[in-house]
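Here is the file model.txt (compact mmCIF, C-alpha atoms and all ligand atoms).
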```txt
# COMPACT_ATOMS: atom_id res chain seq x y z
CA MET A 46 0.00 0.00 0.00
CA PRO A 47 1.51 3.37 -0.91
CA LYS A 48 1.68 6.12 1.65
CA PHE A 49 -1.36 8.37 1.42
CA LYS A 50 -1.59 11.94 2.59
CA ARG A 51 -5.36 12.33 2.50
CA ILE A 52 -7.92 9.55 2.76
CA ALA A 53 -11.70 9.29 2.99
CA ILE A 54 -13.15 6.54 5.15
CA LYS A 55 -16.75 5.44 4.83
CA ILE A 56 -18.11 3.51 7.76
CA GLY A 57 -21.31 1.58 7.11
CA SER A 58 -24.24 1.14 9.52
CA ASN A 59 -23.46 -2.54 9.96
CA VAL A 60 -19.99 -1.74 11.27
CA LEU A 61 -21.32 0.71 13.84
CA THR A 62 -24.23 -1.27 15.17
CA HIS A 63 -24.69 -4.54 17.04
CA LYS A 64 -26.91 -7.24 15.59
CA ASP A 65 -29.89 -5.80 17.50
CA GLY A 66 -29.30 -2.38 15.92
CA THR A 67 -27.92 -0.61 19.00
CA LEU A 68 -24.81 1.53 18.59
CA ASP A 69 -21.56 -0.43 19.02
CA THR A 70 -19.68 2.22 20.97
CA GLU A 71 -16.77 -0.11 21.62
CA ARG A 72 -16.24 -0.57 17.86
CA MET A 73 -16.55 3.18 17.34
CA ALA A 74 -13.94 3.82 20.01
CA ARG A 75 -11.47 1.42 18.39
CA LEU A 76 -11.99 3.02 14.97
CA VAL A 77 -11.52 6.49 16.41
CA ASP A 78 -8.29 5.31 18.14
CA GLN A 79 -6.98 4.17 14.77
CA ILE A 80 -7.99 7.35 13.00
CA ALA A 81 -6.19 9.33 15.69
CA GLN A 82 -3.13 7.16 15.10
CA LEU A 83 -3.27 7.78 11.34
CA ARG A 84 -3.55 11.47 12.00
CA GLY A 85 -0.46 11.21 14.17
CA GLN A 86 1.32 9.78 11.12
CA GLY A 87 0.36 12.88 9.15
CA ILE A 88 -2.56 11.41 7.22
CA GLU A 89 -5.59 13.69 6.80
CA VAL A 90 -8.83 11.81 7.35
CA ILE A 91 -12.35 12.60 6.14
CA LEU A 92 -15.05 10.40 7.62
CA ILE A 93 -18.33 9.53 5.97
CA SER A 94 -20.37 7.84 8.63
CA SER A 95 -23.70 6.06 8.36
CA GLY A 96 -25.54 4.73 11.37
CA ALA A 97 -27.93 7.60 12.10
CA VAL A 98 -31.15 5.85 11.16
CA ALA A 99 -30.08 2.56 12.74
CA SER A 100 -29.05 4.10 16.05
CA GLY A 101 -32.15 6.30 16.18
CA ARG A 102 -34.39 3.34 15.56
CA SER A 103 -32.80 1.39 18.38
CA ALA A 104 -32.97 4.35 20.77
CA LEU A 105 -36.58 5.42 20.35
CA LYS A 106 -39.26 2.79 20.54
CA LEU A 107 -42.41 4.05 18.88
CA GLU A 108 -45.70 2.40 19.80
CA LYS A 109 -46.84 2.71 16.25
CA GLU A 110 -44.41 3.72 13.52
CA PRO A 111 -45.65 6.44 11.18
CA ASP A 112 -45.19 6.11 7.41
CA PRO A 113 -41.66 5.04 6.35
CA VAL A 114 -40.57 8.55 5.31
CA SER A 115 -41.61 10.14 8.63
CA ALA A 116 -40.08 7.24 10.57
CA ARG A 117 -36.78 7.76 8.78
CA GLN A 118 -36.92 11.47 9.53
CA ILE A 119 -37.54 10.87 13.23
CA PHE A 120 -34.94 8.14 13.59
CA SER A 121 -32.22 9.94 11.66
CA SER A 122 -32.79 13.11 13.64
CA ILE A 123 -32.31 11.37 17.00
CA GLY A 124 -29.73 8.92 15.71
CA GLN A 125 -27.48 11.56 14.15
CA ALA A 126 -27.40 13.47 17.45
CA ARG A 127 -26.52 10.27 19.29
CA LEU A 128 -23.88 9.32 16.72
CA ILE A 129 -22.09 12.65 16.54
CA ASN A 130 -22.14 13.00 20.34
CA GLU A 131 -20.33 9.71 20.64
CA TYR A 132 -17.77 10.65 17.97
CA TYR A 133 -17.23 14.05 19.54
CA GLU A 134 -16.42 12.59 22.95
CA LEU A 135 -14.27 9.83 21.50
CA PHE A 136 -12.16 12.15 19.35
CA LEU A 137 -11.80 14.64 22.19
CA LYS A 138 -10.11 11.94 24.29
CA HIS A 139 -7.33 12.14 21.70
CA GLY A 140 -7.37 15.94 21.77
CA ILE A 141 -8.96 16.06 18.32
CA TYR A 142 -12.04 17.99 17.29
CA CYS A 143 -14.50 16.53 14.85
CA GLY A 144 -17.17 18.50 13.02
CA GLN A 145 -20.52 17.42 11.65
CA VAL A 146 -21.26 18.04 7.97
CA LEU A 147 -24.74 17.08 6.86
CA THR A 148 -25.47 17.29 3.19
CA THR A 149 -28.06 16.49 0.56
CA LYS A 150 -27.95 15.63 -3.10
CA GLU A 151 -29.41 19.04 -3.80
CA SER A 152 -26.49 20.73 -2.00
CA LEU A 153 -24.06 19.18 -4.45
CA SER A 154 -26.05 19.43 -7.63
CA THR A 155 -24.94 22.83 -8.83
CA ARG A 156 -21.29 23.73 -9.24
CA GLY A 157 -21.71 26.70 -6.86
CA HIS A 158 -23.17 24.58 -4.06
CA TYR A 159 -20.57 21.93 -4.68
CA LEU A 160 -17.70 24.38 -4.31
CA ASN A 161 -19.27 25.78 -1.16
CA GLN A 162 -19.45 22.29 0.35
CA LYS A 163 -15.89 21.59 -0.75
CA ASN A 164 -14.65 24.76 0.90
CA CYS A 165 -16.33 23.85 4.19
CA ILE A 166 -14.60 20.46 4.35
CA ALA A 167 -11.28 21.94 3.22
CA GLN A 168 -11.48 24.55 5.99
CA LEU A 169 -12.19 21.92 8.64
CA LEU A 170 -9.19 19.89 7.49
CA GLN A 171 -6.97 22.92 7.38
CA HIS A 172 -7.84 23.66 11.00
CA GLY A 173 -7.15 20.12 12.15
CA VAL A 174 -10.81 19.14 12.50
CA ILE A 175 -12.01 15.72 11.33
CA PRO A 176 -15.07 16.23 9.13
CA ILE A 177 -17.77 13.62 9.75
CA ILE A 178 -20.14 13.63 6.82
CA ASN A 179 -23.55 12.08 6.49
CA GLU A 180 -26.57 12.68 4.37
CA ASN A 181 -29.13 14.93 6.01
CA ASP A 182 -31.69 12.15 6.19
CA THR A 183 -34.20 14.40 7.94
CA ILE A 184 -34.89 16.30 4.73
CA SER A 185 -33.68 14.10 1.91
CA VAL A 186 -36.54 11.86 0.98
CA THR A 187 -37.08 9.31 -1.79
CA GLU A 188 -36.11 10.74 -5.17
CA LEU A 189 -33.97 13.43 -3.56
CA MET A 190 -31.85 10.87 -1.74
CA PHE A 191 -28.40 9.53 -2.52
CA THR A 192 -28.58 5.87 -3.47
CA ASP A 193 -26.69 5.27 -0.24
CA ASN A 194 -23.67 6.56 1.65
CA ASP A 195 -21.36 4.67 -0.69
CA GLU A 196 -22.44 7.07 -3.43
CA LEU A 197 -21.92 10.01 -1.08
CA SER A 198 -18.47 8.76 -0.06
CA GLY A 199 -17.40 8.49 -3.71
CA LEU A 200 -18.49 12.03 -4.30
CA VAL A 201 -16.70 13.31 -1.21
CA ALA A 202 -13.48 11.42 -1.99
CA THR A 203 -13.27 12.92 -5.48
CA MET A 204 -14.46 16.36 -4.39
CA MET A 205 -11.72 16.52 -1.74
CA ASP A 206 -9.01 14.98 -3.94
CA ALA A 207 -8.44 12.15 -1.49
CA GLU A 208 -5.79 9.68 -2.62
CA ALA A 209 -7.69 6.72 -1.23
CA LEU A 210 -11.25 5.84 -0.28
CA ILE A 211 -11.73 3.07 2.25
CA ILE A 212 -15.22 1.59 2.37
CA LEU A 213 -15.72 -0.29 5.61
CA SER A 214 -18.52 -2.80 5.69
CA ASN A 215 -19.03 -6.07 7.59
CA ILE A 216 -17.43 -8.23 4.92
CA ASP A 217 -13.75 -8.66 3.97
CA GLY A 218 -14.19 -7.54 0.38
CA ILE A 219 -15.56 -8.87 -2.89
CA TYR A 220 -15.69 -12.63 -3.27
CA THR A 221 -15.70 -14.75 -6.40
CA GLY A 222 -19.03 -16.24 -5.25
CA ASN A 223 -21.30 -16.36 -2.24
CA PRO A 224 -19.11 -15.32 0.74
CA ALA A 225 -20.73 -18.09 2.81
CA ASP A 226 -19.49 -20.71 0.35
CA PRO A 227 -16.02 -21.97 1.42
CA ALA A 228 -15.04 -22.32 -2.25
CA SER A 229 -15.42 -18.56 -2.76
CA GLN A 230 -12.27 -16.54 -2.66
CA ILE A 231 -11.69 -12.91 -1.99
CA ILE A 232 -10.64 -10.83 -5.01
CA ARG A 233 -7.56 -9.05 -3.73
CA GLU A 234 -6.88 -6.63 -6.57
CA VAL A 235 -9.07 -5.28 -9.33
CA ASP A 236 -8.29 -2.95 -12.17
CA TYR A 237 -10.61 0.06 -12.31
CA ASN A 238 -11.97 -0.97 -15.69
CA GLN A 239 -12.63 -4.60 -14.79
CA ASP A 240 -16.30 -5.59 -14.70
CA LEU A 241 -17.11 -7.56 -11.56
CA ALA A 242 -20.88 -7.83 -11.99
CA LYS A 243 -20.79 -11.60 -12.39
CA TYR A 244 -19.28 -12.06 -8.93
CA ILE A 245 -21.58 -9.79 -7.01
CA GLN A 246 -24.37 -11.01 -4.76
CA THR A 247 -27.34 -8.72 -4.93
CA THR A 248 -28.30 -9.07 -1.26
CA LYS A 249 -28.19 -5.83 0.70
CA SER A 250 -26.63 -5.15 4.06
CA SER A 251 -29.19 -5.43 6.83
CA PHE A 252 -29.09 -1.94 8.37
CA GLY A 253 -27.72 0.27 5.62
CA ARG A 254 -29.18 1.02 2.21
CA GLY A 255 -26.16 -0.03 0.19
CA GLY A 256 -25.12 -3.41 -1.18
CA MET A 257 -22.01 -4.86 -2.80
CA LEU A 258 -23.17 -3.93 -6.28
CA THR A 259 -23.38 -0.21 -5.55
CA LYS A 260 -20.08 -0.41 -3.67
CA THR A 261 -18.41 -1.99 -6.69
CA ASN A 262 -19.87 0.50 -9.15
CA ILE A 263 -18.82 3.43 -7.01
CA ALA A 264 -15.40 1.91 -6.41
CA ARG A 265 -14.75 1.51 -10.14
CA LYS A 266 -15.89 5.01 -10.93
CA VAL A 267 -13.76 6.55 -8.19
CA ALA A 268 -10.74 4.44 -9.20
CA ALA A 269 -11.23 5.62 -12.81
CA GLU A 270 -10.69 9.13 -11.48
CA GLY A 271 -7.30 8.18 -10.07
CA ILE A 272 -8.20 7.29 -6.48
CA THR A 273 -7.31 3.94 -4.85
CA VAL A 274 -10.46 2.33 -3.42
CA ILE A 275 -10.36 -0.34 -0.74
CA ILE A 276 -13.33 -2.40 0.41
CA ALA A 277 -12.56 -3.95 3.78
CA ASN A 278 -14.09 -5.32 6.97
CA GLY A 279 -14.69 -2.60 9.55
CA LYS A 280 -15.56 -5.19 12.20
CA LYS A 281 -11.97 -6.44 12.23
CA ASP A 282 -9.76 -5.12 14.98
CA GLY A 283 -7.00 -2.81 13.80
CA ILE A 284 -8.26 -2.78 10.21
CA LEU A 285 -7.44 0.85 9.41
CA THR A 286 -3.91 0.86 10.73
CA ALA A 287 -3.30 -2.52 9.08
CA LEU A 288 -4.52 -1.22 5.71
CA MET A 289 -2.35 1.85 5.87
CA ASN A 290 0.74 -0.17 6.69
CA GLU A 291 3.05 0.00 3.69
CA ASP A 292 3.60 -3.75 3.53
CA SER A 293 0.05 -4.63 4.48
CA ASP A 294 -1.25 -8.08 3.61
CA THR A 295 -4.69 -7.52 5.08
CA LEU A 296 -7.60 -9.31 3.46
CA CYS A 297 -9.52 -6.78 1.40
CA THR A 298 -10.33 -5.80 -2.20
CA VAL A 299 -8.24 -3.01 -3.69
CA PHE A 300 -9.37 -1.18 -6.83
CA MET A 301 -6.26 -0.01 -8.61
CA PRO A 302 -6.62 3.57 -9.83
CA SER A 303 -6.34 4.84 -13.37
CA LYS A 304 -3.25 6.92 -14.06
CA ARG A 305 -5.01 9.47 -16.22
CA GLU A 306 -5.41 13.02 -14.98
CA VAL A 307 -9.05 14.04 -14.48
CA SER A 308 -9.89 17.72 -14.04
CA SER A 309 -11.90 18.71 -10.98
CA VAL A 310 -14.87 19.83 -13.11
CA LYS A 311 -14.94 16.47 -14.84
CA LYS A 312 -14.89 14.75 -11.45
CA TRP A 313 -17.93 16.73 -10.38
CA ILE A 314 -19.70 15.84 -13.62
CA ALA A 315 -18.79 12.16 -13.18
CA HIS A 316 -20.71 12.03 -9.90
CA SER A 317 -23.66 14.05 -11.12
CA GLU A 318 -25.56 11.25 -12.78
CA SER A 319 -28.32 11.31 -10.23
CA PHE A 320 -28.82 15.07 -10.68
CA ALA A 321 -29.62 14.74 -14.38
CA LYS A 322 -32.61 16.82 -15.49
CA GLY A 323 -32.94 15.34 -18.97
CA GLU A 324 -31.22 13.27 -21.61
CA ILE A 325 -29.95 13.30 -25.15
CA THR A 326 -29.47 10.31 -27.43
CA ILE A 327 -26.65 10.29 -29.95
CA ASN A 328 -26.22 8.35 -33.18
CA GLU A 329 -23.86 5.46 -33.81
CA THR A 330 -21.02 7.54 -35.26
CA ALA A 331 -21.07 9.98 -32.35
CA SER A 332 -21.27 7.10 -29.86
CA LYS A 333 -18.17 5.49 -31.36
CA VAL A 334 -16.23 8.74 -31.27
CA LEU A 335 -17.16 9.34 -27.63
CA MET A 336 -16.23 5.81 -26.57
CA SER A 337 -12.80 6.15 -28.20
CA GLU A 338 -9.83 7.73 -26.44
CA LYS A 339 -10.22 10.94 -28.47
CA ALA A 340 -11.17 14.13 -26.65
CA SER A 341 -14.47 15.07 -28.30
CA SER A 342 -17.43 17.29 -27.55
CA ILE A 343 -21.00 16.35 -28.54
CA LEU A 344 -22.12 18.11 -31.70
CA PHE A 345 -25.74 18.67 -32.71
CA VAL A 346 -25.24 16.70 -35.89
CA GLY A 347 -24.82 13.54 -33.79
CA ILE A 348 -27.93 14.05 -31.63
CA ILE A 349 -31.01 12.03 -32.55
CA ALA A 350 -33.31 12.62 -29.57
CA VAL A 351 -33.75 15.04 -26.68
CA SER A 352 -36.01 14.46 -23.69
CA GLY A 353 -36.82 16.16 -20.41
CA ASP A 354 -37.19 19.80 -19.57
CA PHE A 355 -33.78 21.24 -18.76
CA GLU A 356 -32.06 24.60 -18.70
CA LYS A 357 -28.66 25.62 -20.02
CA GLY A 358 -26.08 24.47 -17.44
CA ASP A 359 -28.16 21.55 -16.14
CA ILE A 360 -26.72 18.06 -16.00
CA ILE A 361 -28.04 15.65 -18.63
CA THR A 362 -27.61 11.95 -19.28
CA ILE A 363 -25.96 10.89 -22.54
CA LYS A 364 -27.44 7.80 -24.18
CA ASP A 365 -25.99 5.89 -27.10
CA PHE A 366 -28.00 4.92 -30.18
CA GLU A 367 -29.12 1.71 -28.43
CA GLY A 368 -30.49 3.61 -25.46
CA ASN A 369 -27.70 2.75 -23.00
CA ALA A 370 -26.68 5.52 -20.62
CA ILE A 371 -23.00 6.04 -21.42
CA GLY A 372 -22.23 9.22 -19.54
CA VAL A 373 -23.24 12.61 -18.23
CA GLY A 374 -22.56 16.16 -19.30
CA LYS A 375 -23.49 19.78 -18.75
CA ALA A 376 -25.95 21.09 -21.32
CA GLN A 377 -24.74 24.12 -23.25
CA TYR A 378 -28.33 24.87 -24.36
CA ASP A 379 -31.77 24.37 -22.84
CA SER A 380 -33.99 21.48 -23.93
CA ARG A 381 -36.03 23.61 -26.36
CA LYS A 382 -32.95 24.76 -28.27
CA MET A 383 -31.42 21.28 -28.16
CA THR A 384 -34.56 19.87 -29.78
CA GLN A 385 -34.59 22.66 -32.36
CA PHE A 386 -30.90 22.26 -33.29
CA MET A 387 -30.50 18.49 -33.19
CA GLY A 388 -29.19 17.01 -36.42
CA HIS A 389 -27.87 20.42 -37.57
CA LYS A 390 -24.29 21.11 -38.63
CA GLY A 391 -22.02 24.06 -37.97
CA LEU A 392 -23.19 25.06 -34.49
CA ARG A 393 -21.24 25.29 -31.27
CA PRO A 394 -21.20 21.94 -29.36
CA ALA A 395 -24.25 20.83 -27.37
CA VAL A 396 -21.98 19.43 -24.63
CA LEU A 397 -18.34 20.47 -24.35
CA TYR A 398 -15.61 17.90 -23.78
CA ASP A 399 -14.50 19.63 -20.56
CA TYR A 400 -17.99 19.15 -19.12
CA LEU A 401 -18.51 15.62 -20.30
CA TRP A 402 -17.92 12.33 -18.50
CA ILE A 403 -18.12 9.06 -20.40
CA ASN A 404 -18.36 6.00 -18.12
N1 LIG A 501 -27.50 8.09 5.96
C1 LIG A 501 -27.97 6.83 6.49
C2 LIG A 501 -27.76 6.79 8.01
O1 LIG A 501 -26.93 7.47 8.53
C3 LIG A 501 -27.26 5.64 5.91
C4 LIG A 501 -27.43 5.44 4.44
C5 LIG A 501 -26.78 4.13 3.99
O2 LIG A 501 -27.10 3.11 4.57
O3 LIG A 501 -25.95 4.11 3.11
O4 LIG A 501 -28.42 6.04 8.65
```

Final structure tokens representation of the file:
Amino acid sequence: MPKFKRIAIKIGSNVLTHKDGTLDTERMARLVDQIAQLRGQGIEVILISSGAVASGRSALKLEKEPDPVSARQIFSSIGQARLINEYYELFLKHGIYCGQVLTTKESLSTRGHYLNQKNCIAQLLQHGVIPIINENDTISVTELMFTDNDELSGLVATMMDAEALIILSNIDGIYTGNPADPASQIIREVDYNQDLAKYIQTTKSSFGRGGMLTKTNIARKVAAEGITVIIANGKKDGILTALMNEDSDTLCTVFMPSKREVSSVKKWIAHSESFAKGEITINETASKVLMSEKASSILFVGIIAVSGDFEKGDIITIKDFEGNAIGVGKAQYDSRKMTQFMGHKGLRPAVLYDYLWIN
């Protein structure tokens, strides 16, 4: 493992809670001890912590639960207070301050909001504070939600130019088959462009929203942007310090990063898929050009369909001629003009290369 200067660590609900859903404060304490140790070695740490809903649910027993959305709002509200209190006290024992950063998809969906959020986390780090980030589950409901905190952690890792993202769950990594099957083996190293779908079990973790499939998709995307991603078992004692050891042989899955340089705007675009307000479909020739290594913008002549109601500057999904979503980009025109100009030659690009991310 190379030496990293800045890392993002995502801790899943299953790591932080006992089987009955109550907060595992002992586990939290051990993880905080290790983070303090890493800090002592000069590594900057950004935490993305789940566990709010789970710990709220175990703290407050409701006679009759309201609808699922309201229940989630109540539980996350109490649980986040409980969670951050615990972190605060634990970090303070090491003489370290931690700060709570709650965010929503909306708060990252425009470049201005994104930069504001980035500045907040950068300032905390600069002043020696450990940022502890979670989604603001009290206000982000259904379609406005992140898929899960794995998605959020990918966004944070790229936004903050972390060199590594460690996703801690209650499993050692990605297996070649069902982890319960003794014949299955852990995949130790994966290249960022290697498709692992055939190995992934689609079962979800019991307390969190995420599953291995989303973890893998996020991991590949983040690794494609030049960040090492590690999926490891947060329930194992000493996991973080072991992983950061230069000659570590800890059981985990490492996604090897791409070497290409990705601009910070492109990184933002890459993680904006879920903010898309519309879509454009491009023809076969344009699809081929975009999928090649060449740096190309999307021209109107290659567009065959436009859908959705979007403004200039909004994020849109790019679909190939077979209807597969192949990327995201920032629209240079609103949906009315895009529809009017599609198929035409000699106009300025509909999506510029610098604001385009092809998966
Ligand atoms: N934000 C949620 C929580 O703190 C977790 C979402 C997830 O499971 O990924 O409970």

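Closest approach to ligand LIG 501 (chain A) among A:Arg127, A:Arg72, A:Arg51, A:Lys64: A:Arg127, based on all atoms listed in the file.
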
- Query: Quick one: distance from CA of Ser319 in chain A to CA of Pro302 in chain A in Å, one decimal?
  - Reply: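 Between CA of Ser319 in chain A and CA of Pro302 in chain A the gap is 23.0 Å.
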
Could you give me, as CSV, a per-residue list for chain A showing, wherever an atom lies at most 9 Å from an atom of ligand LIG 501 (chain A), the closest pair of atoms and their distance in Å to one decimal, using all atoms listed in the file and sorting by chain then residue number from low to high?
```
residue,atom,partner,partner_atom,distance
A:Gly57,CA,A:LIG501,O2,6.5
A:Ser58,CA,A:LIG501,O2,6.0
A:Asn59,CA,A:LIG501,O2,8.6
A:Ser94,CA,A:LIG501,O1,6.6
A:Ser95,CA,A:LIG501,O1,3.5
A:Gly96,CA,A:LIG501,O4,4.2
A:Ala97,CA,A:LIG501,O1,3.7
A:Val98,CA,A:LIG501,O4,3.7
A:Ala99,CA,A:LIG501,O4,5.6
A:Ser100,CA,A:LIG501,O4,7.7
A:Gly101,CA,A:LIG501,O4,8.4
A:Arg117,CA,A:LIG501,O4,8.5
A:Phe120,CA,A:LIG501,O4,8.4
A:Ser121,CA,A:LIG501,O4,6.2
A:Gly124,CA,A:LIG501,O4,7.7
A:Gln125,CA,A:LIG501,O1,7.0
A:Leu128,CA,A:LIG501,O1,8.9
A:Asn179,CA,A:LIG501,N1,5.6
A:Glu180,CA,A:LIG501,N1,4.9
A:Asn181,CA,A:LIG501,N1,7.0
A:Asp182,CA,A:LIG501,N1,5.8
A:Phe191,CA,A:LIG501,C4,8.1
A:Thr192,CA,A:LIG501,O3,7.3
A:Asp193,CA,A:LIG501,O3,3.6
A:Asn194,CA,A:LIG501,O3,3.7
A:Asp195,CA,A:LIG501,O3,6.0
A:Glu196,CA,A:LIG501,O3,8.0
A:Leu197,CA,A:LIG501,O3,8.3
A:Ser250,CA,A:LIG501,O2,8.3
A:Phe252,CA,A:LIG501,O2,6.6
A:Gly253,CA,A:LIG501,O2,3.1
A:Arg254,CA,A:LIG501,O2,3.8
A:Gly255,CA,A:LIG501,O3,5.1
A:Gly256,CA,A:LIG501,O3,8.7
```

- Please tell me which residues are no farther than 12 Å from (-21.2, 15.5, 17.4) in the file, counting only C-alpha atoms, and write them as a list of chain:residue names. A:Ser94, A:Ala97, A:Ile123, A:Gly124, A:Gln125, A:Ala126, A:Arg127, A:Leu128, A:Ile129, A:Asn130, A:Glu131, A:Tyr132, A:Tyr133, A:Glu134, A:Leu135, A:Phe136, A:Leu137, A:Tyr142, A:Cys143, A:Gly144, A:Gln145, A:Val146, A:Leu147, A:Ile175, A:Pro176, A:Ile177, A:Ile178, A:Asn179

- Item | Closest of A:Ile141, A:Ile327, A:Met257, A:Ile275 to Asp78 in chain A - atom-to-atom distances counting only C-alpha atoms | A:Ile141

- Query: How many Å separate CA of Gly323 in chain A from CA of Thr148 in chain A?
  - Reply: 23.5 Å

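Using all atoms listed in the file, the shortest contact distance between Arg265 in chain A and any of A:Val299, A:Met289, A:Ile80, A:Ile343 is found at A:Val299.
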
- Task: In Å, rounded to a single decimal, give me how far CA of Tyr220 in chain A is from CA of Leu241 in chain A.
- Result: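 Calculated distance between CA of Leu241 in chain A and CA of Tyr220 in chain A is 9.8 Å.
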
- Item | Distance query Ile272 in chain A at most 10 Å, all atoms listed in the file, self and fewer than 4 positions along chain excluded, as an MDAnalysis selection string | chainID A and resid 52 199 202:203 206:210 237 264:268 300:304

Just C-alpha atoms for this one: save the residues we selected as a PDB file, in the coordinates of the input.
```
ATOM      1  CA  ILE A  52      -7.920   9.550   2.760  1.00  0.00           C
ATOM      2  CA  GLY A 199     -17.400   8.490  -3.710  1.00  0.00           C
ATOM      3  CA  ALA A 202     -13.480  11.420  -1.990  1.00  0.00           C
ATOM      4  CA  THR A 203     -13.270  12.920  -5.480  1.00  0.00           C
ATOM      5  CA  ASP A 206      -9.010  14.980  -3.940  1.00  0.00           C
ATOM      6  CA  ALA A 207      -8.440  12.150  -1.490  1.00  0.00           C
ATOM      7  CA  GLU A 208      -5.790   9.680  -2.620  1.00  0.00           C
ATOM      8  CA  ALA A 209      -7.690   6.720  -1.230  1.00  0.00           C
ATOM      9  CA  LEU A 210     -11.250   5.840  -0.280  1.00  0.00           C
ATOM     10  CA  TYR A 237     -10.610   0.060 -12.310  1.00  0.00           C
ATOM     11  CA  ALA A 264     -15.400   1.910  -6.410  1.00  0.00           C
ATOM     12  CA  ARG A 265     -14.750   1.510 -10.140  1.00  0.00           C
ATOM     13  CA  LYS A 266     -15.890   5.010 -10.930  1.00  0.00           C
ATOM     14  CA  VAL A 267     -13.760   6.550  -8.190  1.00  0.00           C
ATOM     15  CA  ALA A 268     -10.740   4.440  -9.200  1.00  0.00           C
ATOM     16  CA  PHE A 300      -9.370  -1.180  -6.830  1.00  0.00           C
ATOM     17  CA  MET A 301      -6.260  -0.010  -8.610  1.00  0.00           C
ATOM     18  CA  PRO A 302      -6.620   3.570  -9.830  1.00  0.00           C
ATOM     19  CA  SER A 303      -6.340   4.840 -13.370  1.00  0.00           C
ATOM     20  CA  LYS A 304      -3.250   6.920 -14.060  1.00  0.00           C
TER      21      LYS A 304
END
```

- Message: Neighbouring residues of Glu151 in chain A were defined as those with any atom within 12 Å, considering all atoms listed in the file; residues of the same chain fewer than 4 positions away were excluded. Please report them as a ChimeraX atom specification.
- Response: /A:147,155-159,162,180-181,184-186,188-191,317,319-321

Output C-alpha atoms for every residue in the selection just made, as a PDB file, in the frame of the given file.
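Listing of selection-v7.pdb after writing:
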```pdb
ATOM      1  CA  LEU A 147     -24.740  17.080   6.860  1.00  0.00           C
ATOM      2  CA  THR A 155     -24.940  22.830  -8.830  1.00  0.00           C
ATOM      3  CA  ARG A 156     -21.290  23.730  -9.240  1.00  0.00           C
ATOM      4  CA  GLY A 157     -21.710  26.700  -6.860  1.00  0.00           C
ATOM      5  CA  HIS A 158     -23.170  24.580  -4.060  1.00  0.00           C
ATOM      6  CA  TYR A 159     -20.570  21.930  -4.680  1.00  0.00           C
ATOM      7  CA  GLN A 162     -19.450  22.290   0.350  1.00  0.00           C
ATOM      8  CA  GLU A 180     -26.570  12.680   4.370  1.00  0.00           C
ATOM      9  CA  ASN A 181     -29.130  14.930   6.010  1.00  0.00           C
ATOM     10  CA  ILE A 184     -34.890  16.300   4.730  1.00  0.00           C
ATOM     11  CA  SER A 185     -33.680  14.100   1.910  1.00  0.00           C
ATOM     12  CA  VAL A 186     -36.540  11.860   0.980  1.00  0.00           C
ATOM     13  CA  GLU A 188     -36.110  10.740  -5.170  1.00  0.00           C
ATOM     14  CA  LEU A 189     -33.970  13.430  -3.560  1.00  0.00           C
ATOM     15  CA  MET A 190     -31.850  10.870  -1.740  1.00  0.00           C
ATOM     16  CA  PHE A 191     -28.400   9.530  -2.520  1.00  0.00           C
ATOM     17  CA  SER A 317     -23.660  14.050 -11.120  1.00  0.00           C
ATOM     18  CA  SER A 319     -28.320  11.310 -10.230  1.00  0.00           C
ATOM     19  CA  PHE A 320     -28.820  15.070 -10.680  1.00  0.00           C
ATOM     20  CA  ALA A 321     -29.620  14.740 -14.380  1.00  0.00           C
TER      21      ALA A 321
END
```

- Task: Considering only C-alpha atoms, state which residue in the set A:Leu397, A:Ile325, A:Ala287, A:Ile348 is at the smallest distance from Ser380 in chain A.
- Result: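 Smallest separation from Ser380 in chain A among the options: A:Ile325.
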
- So which one's closest to Lys339 in chain A, A:Asp292, A:Asp359, A:Ile403, A:Met383? Using only C-alpha atoms, please.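 Looking only at the distances to Lys339 in chain A, the closest residue turns out to be A:Ile403.
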
- Task: Rank nothing, just name the residue among A:Val174, A:Ile349, A:Val201, A:Ala225 nearest to Leu160 in chain A, using all atoms listed in the file.
- Result: A:Val201

With the cut-off set at 12 Å and counting all atoms listed in the file, tabulate each residue of range 221-313 of chain A with an atom at most that distance from an atom of range 366-377 of chain A, showing the nearest atom pair and its distance in Å to one decimal, ordered by chain and increasing number, as a tab-separated table.
```
residue	atom	partner	partner_atom	distance
A:Lys266	CA	A:Gly372	CA	11.5
A:Val310	CA	A:Lys375	CA	10.3
A:Lys311	CA	A:Gly374	CA	8.8
A:Lys312	CA	A:Val373	CA	11.0
A:Trp313	CA	A:Gly374	CA	10.1
```

Padded axis-aligned box of range 308-314 of chain A (3 Å per side), centre and edge lengths, Å, one decimal, as JSON:
```
{"center_x": -14.8, "center_y": 17.3, "center_z": -12.6, "size_x": 15.8, "size_y": 11.1, "size_z": 10.5}
```

Can you list, as a short mmCIF file (atom, residue, chain, number, x, y, z; two decimals) with C-alpha atoms, in the coordinates of the input, every protein, DNA or RNA residue that comes within 12 Å of Arg233 in chain A when you count only C-alpha atoms, leaving out same-chain residues fewer than 6 positions away?
```
data_model
loop_
_atom_site.label_atom_id
_atom_site.label_comp_id
_atom_site.auth_asym_id
_atom_site.auth_seq_id
_atom_site.Cartn_x
_atom_site.Cartn_y
_atom_site.Cartn_z
CA ASP A 217 -13.75 -8.66 3.97
CA GLY A 218 -14.19 -7.54 0.38
CA ILE A 219 -15.56 -8.87 -2.89
CA TYR A 220 -15.69 -12.63 -3.27
CA THR A 221 -15.70 -14.75 -6.40
CA VAL A 274 -10.46 2.33 -3.42
CA ILE A 275 -10.36 -0.34 -0.74
CA ILE A 276 -13.33 -2.40 0.41
CA ALA A 277 -12.56 -3.95 3.78
CA ASP A 294 -1.25 -8.08 3.61
CA THR A 295 -4.69 -7.52 5.08
CA LEU A 296 -7.60 -9.31 3.46
CA CYS A 297 -9.52 -6.78 1.40
CA THR A 298 -10.33 -5.80 -2.20
CA VAL A 299 -8.24 -3.01 -3.69
CA PHE A 300 -9.37 -1.18 -6.83
CA MET A 301 -6.26 -0.01 -8.61
#
```
